[in-house]
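Asker: My questions all concern the structure below.
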Amino acid sequence: MEKITESASRYRSLEKMPVAELLTHINAEDKTVPTAVEKAIPQIEALVEVIVLRMRAGGRLFYIGAGTSGRLGILDASEIPPTYGVPPAWVVGLIAGGDGAIRKAVEGAEDSPTQAWDDLCAHRVDAQDLVVGIAASGTTPYVVQGLRACRDRGIATGCITCNPGAPVLAEADFPVLVVTGPEFVTGSTRMKAGTAQKLVLNMISTAAMIRLGRVQDNKMVDMQLSNNKLVDRGTQMVMQATGLDYAAAQQLLLQYGNVREAVLAFDPK
């Protein structure tokens, strides 16, 4: 199978380019990514719709991936609880090689045909859940075989990949294909392909959380108050919703723990 993500860069003699030229060319390539993602919006929509249905019924969302793809899945999953005030178990990111691979590559981990299923079983994955495989090349055994194991057991699957005809597409009930083309540095899929995956993950999790009622108007009313910046942001939101002054709004916010509950508890008498 020809892998577009592994095809030769359109640029030559990179080591001879001045820094400004390198940056200009990288930026020019990066500009093509949102357009590639836009073409995949119907596929992303289908995936989000089924995620929302599953999660409303008590199911969970799993991401599985290796290397950059795995790290991006973990990043997206880890940001959901503080942003939307939901339990960590709602969205789970798994990476080939385990948590140690988040910082340092684990040699050969992505080549295991059974490890993804073992990792999912550790979280008691079942037919209520949905598993999304993330693989720029779409050939990573950890991801492809992980999705196949899920489908064999009646668990719905999705994928995010950047190679047409990739094996992972055949294992996904809800595939997302974003064709980003050759990388600036040949085969360095942490660049455009990784950027595309991050954009798609942003769209998936944000749209799903909005549809699940974790946003009111355009505000993160369930966010965790984990630092002073977020307490201040929450206070401003309570002020806007209630008309209280800053001190009173902050007191109400801290008493109830999040913006939603503080506003519901507000008594204008």
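Chains: A, B, ... in order of the structure tokens. Residues: from 1 per chain. Ligands: from 1, in order shown.
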Mind the document's chain letters and residue numbers, and return as an NGL selection string the residues of stretch 41-219 of chain A that DSSP labels helix (DSSP H, G or I).

Answerer: :A and (41-56 or 67-84 or 88-90 or 99-102 or 109-111 or 115-122 or 141-152 or 167-170 or 192-211)

Asker: Would you please extract all strand (DSSP E) residues from stretch 3-241 of chain A, as assigned by DSSP on the backbone, and give them as a PyMOL selection string?

Answerer: chain A and resi 61-65+91-95+130-134+156-161+174-177

Asker: Kindly save the residues from that selection, with C-alpha atoms included, as a PDB file, in the first residue's frame.

Answerer:
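Result file is again00.pdb:
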```pdb
ATOM      1  CA  LEU A  61     -15.184   6.884  24.526  1.00  0.00           C
ATOM      2  CA  PHE A  62     -11.780   5.247  24.148  1.00  0.00           C
ATOM      3  CA  TYR A  63      -8.865   6.453  22.043  1.00  0.00           C
ATOM      4  CA  ILE A  64      -6.087   4.011  21.116  1.00  0.00           C
ATOM      5  CA  GLY A  65      -2.888   4.975  19.343  1.00  0.00           C
ATOM      6  CA  VAL A  91     -13.064   9.517  27.875  1.00  0.00           C
ATOM      7  CA  VAL A  92      -9.986   7.288  28.117  1.00  0.00           C
ATOM      8  CA  GLY A  93      -6.769   7.552  26.101  1.00  0.00           C
ATOM      9  CA  LEU A  94      -4.546   4.489  25.687  1.00  0.00           C
ATOM     10  CA  ILE A  95      -1.080   4.432  24.119  1.00  0.00           C
ATOM     11  CA  LEU A 130     -16.971   3.213  21.338  1.00  0.00           C
ATOM     12  CA  VAL A 131     -13.278   2.839  20.485  1.00  0.00           C
ATOM     13  CA  VAL A 132     -11.513   5.267  18.138  1.00  0.00           C
ATOM     14  CA  GLY A 133      -8.161   4.255  16.681  1.00  0.00           C
ATOM     15  CA  ILE A 134      -5.764   7.092  15.841  1.00  0.00           C
ATOM     16  CA  ALA A 156     -18.408   0.030  17.729  1.00  0.00           C
ATOM     17  CA  THR A 157     -15.243   1.538  16.271  1.00  0.00           C
ATOM     18  CA  GLY A 158     -14.024   4.720  14.655  1.00  0.00           C
ATOM     19  CA  CYS A 159     -10.677   5.895  13.356  1.00  0.00           C
ATOM     20  CA  ILE A 160      -8.702   8.982  12.416  1.00  0.00           C
ATOM     21  CA  THR A 161      -6.112   8.437   9.705  1.00  0.00           C
ATOM     22  CA  PHE A 174     -17.128   5.313  11.564  1.00  0.00           C
ATOM     23  CA  PRO A 175     -13.900   6.184   9.728  1.00  0.00           C
ATOM     24  CA  VAL A 176     -12.438   9.677   9.461  1.00  0.00           C
ATOM     25  CA  LEU A 177      -9.920  10.163   6.655  1.00  0.00           C
TER      26      LEU A 177
END
```

Asker: Contacts of A:Pro167 at 8 Å or less, counting only C-alpha atoms, minus same-chain residues fewer than 5 places along, as number ranges by chain?

Answerer: A: 138-139, 144

Asker: Can you spit out the residues from that selection as a PDB file, in the first residue's frame, using N, CA and C atoms?

Answerer:
```
ATOM      1  N   GLY A 138      -2.275   4.637   9.376  1.00  0.00           N
ATOM      2  CA  GLY A 138      -3.398   3.717   9.279  1.00  0.00           C
ATOM      3  C   GLY A 138      -3.002   2.264   9.205  1.00  0.00           C
ATOM      4  N   THR A 139      -1.738   1.982   9.505  1.00  0.00           N
ATOM      5  CA  THR A 139      -1.244   0.601   9.427  1.00  0.00           C
ATOM      6  C   THR A 139      -0.741   0.063  10.758  1.00  0.00           C
ATOM      7  N   VAL A 144      -4.828  -1.173  14.421  1.00  0.00           N
ATOM      8  CA  VAL A 144      -5.628  -1.969  13.490  1.00  0.00           C
ATOM      9  C   VAL A 144      -6.177  -3.220  14.171  1.00  0.00           C
TER      10      VAL A 144
END
```

Asker: Considering only C-alpha atoms, can you say which of A:Gln115, A:Ala262, A:Gln128, A:Ala28 comes closest to A:Met237?

Answerer: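 The shortest atom-to-atom distance to A:Met237 comes from A:Ala262.
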
Asker: What does the structure give for the distance between atom CA of A:Met223 and atom CA of A:Ala89, in Å to one decimal?

Answerer: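 If I compute the distance from atom CA of A:Met223 to atom CA of A:Ala89, I get 16.1 Å.
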
Asker: For A:Arg103, which of A:Ala66, A:Ala127, A:Ala136, A:Tyr256 is the closest residue, counting only C-alpha atoms?

Answerer: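 Of all the options, A:Ala66 lies closest to A:Arg103.
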
Asker: So which residues touch A:Leu230 within 12 Å, counting only C-alpha atoms, skipping near sequence neighbours fewer than 5 positions away, as a PDB file with C-alpha atoms, in the first residue's frame?

Answerer:
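In the end it all went to result.pdb:
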```pdb
ATOM      1  CA  PRO A  82     -11.182  19.716  33.982  1.00  0.00           C
ATOM      2  CA  THR A  83     -12.830  21.486  31.052  1.00  0.00           C
ATOM      3  CA  MET A 220     -17.770  25.967  30.349  1.00  0.00           C
ATOM      4  CA  VAL A 221     -20.189  26.055  33.270  1.00  0.00           C
ATOM      5  CA  ASP A 222     -18.998  22.720  34.698  1.00  0.00           C
ATOM      6  CA  MET A 223     -15.245  23.370  34.553  1.00  0.00           C
ATOM      7  CA  GLN A 224     -13.148  22.393  37.551  1.00  0.00           C
ATOM      8  CA  LEU A 225     -11.894  25.312  39.645  1.00  0.00           C
ATOM      9  CA  THR A 235     -16.481  34.352  39.067  1.00  0.00           C
ATOM     10  CA  GLN A 236     -16.895  36.543  35.999  1.00  0.00           C
ATOM     11  CA  MET A 237     -19.397  34.061  34.584  1.00  0.00           C
ATOM     12  CA  GLN A 250     -16.815  34.402  43.993  1.00  0.00           C
ATOM     13  CA  LEU A 253     -18.980  30.036  43.208  1.00  0.00           C
ATOM     14  CA  LEU A 254     -16.648  28.602  45.829  1.00  0.00           C
ATOM     15  CA  GLY A 257     -18.018  24.369  43.391  1.00  0.00           C
ATOM     16  CA  ASN A 258     -18.897  25.264  39.819  1.00  0.00           C
ATOM     17  CA  VAL A 259     -20.652  27.914  37.756  1.00  0.00           C
TER      18      VAL A 259
END
```

Asker: Choose the residue, out of A:Gly154, A:Gly70, A:Pro34, A:Gly59, that has the smallest atom-to-atom separation from A:Ala172; count only C-alpha atoms.

Answerer: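 Closest to A:Ala172, using only C-alpha atoms: A:Gly154.
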
Asker: Give me the residues near A:Gly187 as a list in words, where near means some atom within 9 Å (using only C-alpha atoms) and where sequence neighbours in that chain fewer than 6 positions away do not count.

Answerer: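 My reading of the contact set: Ile4, Thr5, Glu6, Ser7, Ala8 and Ser9 of chain A.
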
Asker: Which is closer to A:Cys162 than all the others in A:Asn218, A:Ser69, A:Arg54, A:Ala46, using only C-alpha atoms?

Answerer: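 Selected residue with least distance to A:Cys162: A:Ser69.
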
Asker: So the first atom is atom CA of A:Lys31 and the second is atom CA of A:Gly67; what is the distance between them in Å, to one decimal place?

Answerer: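 Rounded to one decimal, the two atoms are 23.6 Å apart.
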
Asker: Could you tell me which of A:Val185, A:Ala249, A:Ile210, A:Ala196 comes closest to A:Leu22 if we count only C-alpha atoms?

Answerer: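 Answer, going by the shortest atom-to-atom distance: A:Val185.
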
Asker: Which polymer residues have any atom within 9 Å of an atom of A:Trp117, counting only C-alpha atoms, with same-chain residues fewer than 3 positions away left out, as a ChimeraX atom specification?

Answerer: /A:113-114,120-122,142,145-147,149-150

Asker: Create the file for the chosen residues now, containing N, CA and C atoms and written as a compact mmCIF listing (two decimals), in the first residue's frame.

Answerer:
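Result went into again.txt, see below:
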```txt
# COMPACT_ATOMS: atom_id res chain seq x y z
N PRO A 113 0.06 -7.16 18.09
CA PRO A 113 -1.30 -7.35 17.59
C PRO A 113 -2.34 -7.60 18.68
N THR A 114 -1.90 -7.76 19.92
CA THR A 114 -2.83 -8.11 21.00
C THR A 114 -2.88 -7.09 22.14
N LEU A 120 -7.53 -2.40 26.59
CA LEU A 120 -8.95 -2.08 26.68
C LEU A 120 -9.65 -2.96 27.72
N CYS A 121 -9.27 -4.23 27.77
CA CYS A 121 -9.87 -5.14 28.74
C CYS A 121 -9.58 -4.70 30.17
N ALA A 122 -8.41 -4.08 30.38
CA ALA A 122 -8.09 -3.59 31.72
C ALA A 122 -9.07 -2.52 32.18
N TYR A 142 -1.00 -2.15 16.56
CA TYR A 142 -1.66 -1.90 17.85
C TYR A 142 -3.06 -1.35 17.63
N GLN A 145 -5.30 -3.95 14.86
CA GLN A 145 -5.73 -5.18 15.51
C GLN A 145 -6.63 -4.90 16.72
N GLY A 146 -6.38 -3.77 17.38
CA GLY A 146 -7.24 -3.39 18.49
C GLY A 146 -8.66 -3.14 18.04
N LEU A 147 -8.82 -2.42 16.92
CA LEU A 147 -10.17 -2.18 16.39
C LEU A 147 -10.80 -3.47 15.90
N ALA A 149 -10.32 -6.47 17.04
CA ALA A 149 -10.77 -7.22 18.22
C ALA A 149 -12.07 -6.65 18.76
N CYS A 150 -12.22 -5.35 18.72
CA CYS A 150 -13.46 -4.72 19.18
C CYS A 150 -14.63 -5.12 18.29
```

Asker: Given only C-alpha atoms as the basis, pick out the residue of A:Glu49, A:Thr140, A:Arg124, A:Ser205 nearest to A:Ser78.

Answerer: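 Closest candidate: A:Ser205.
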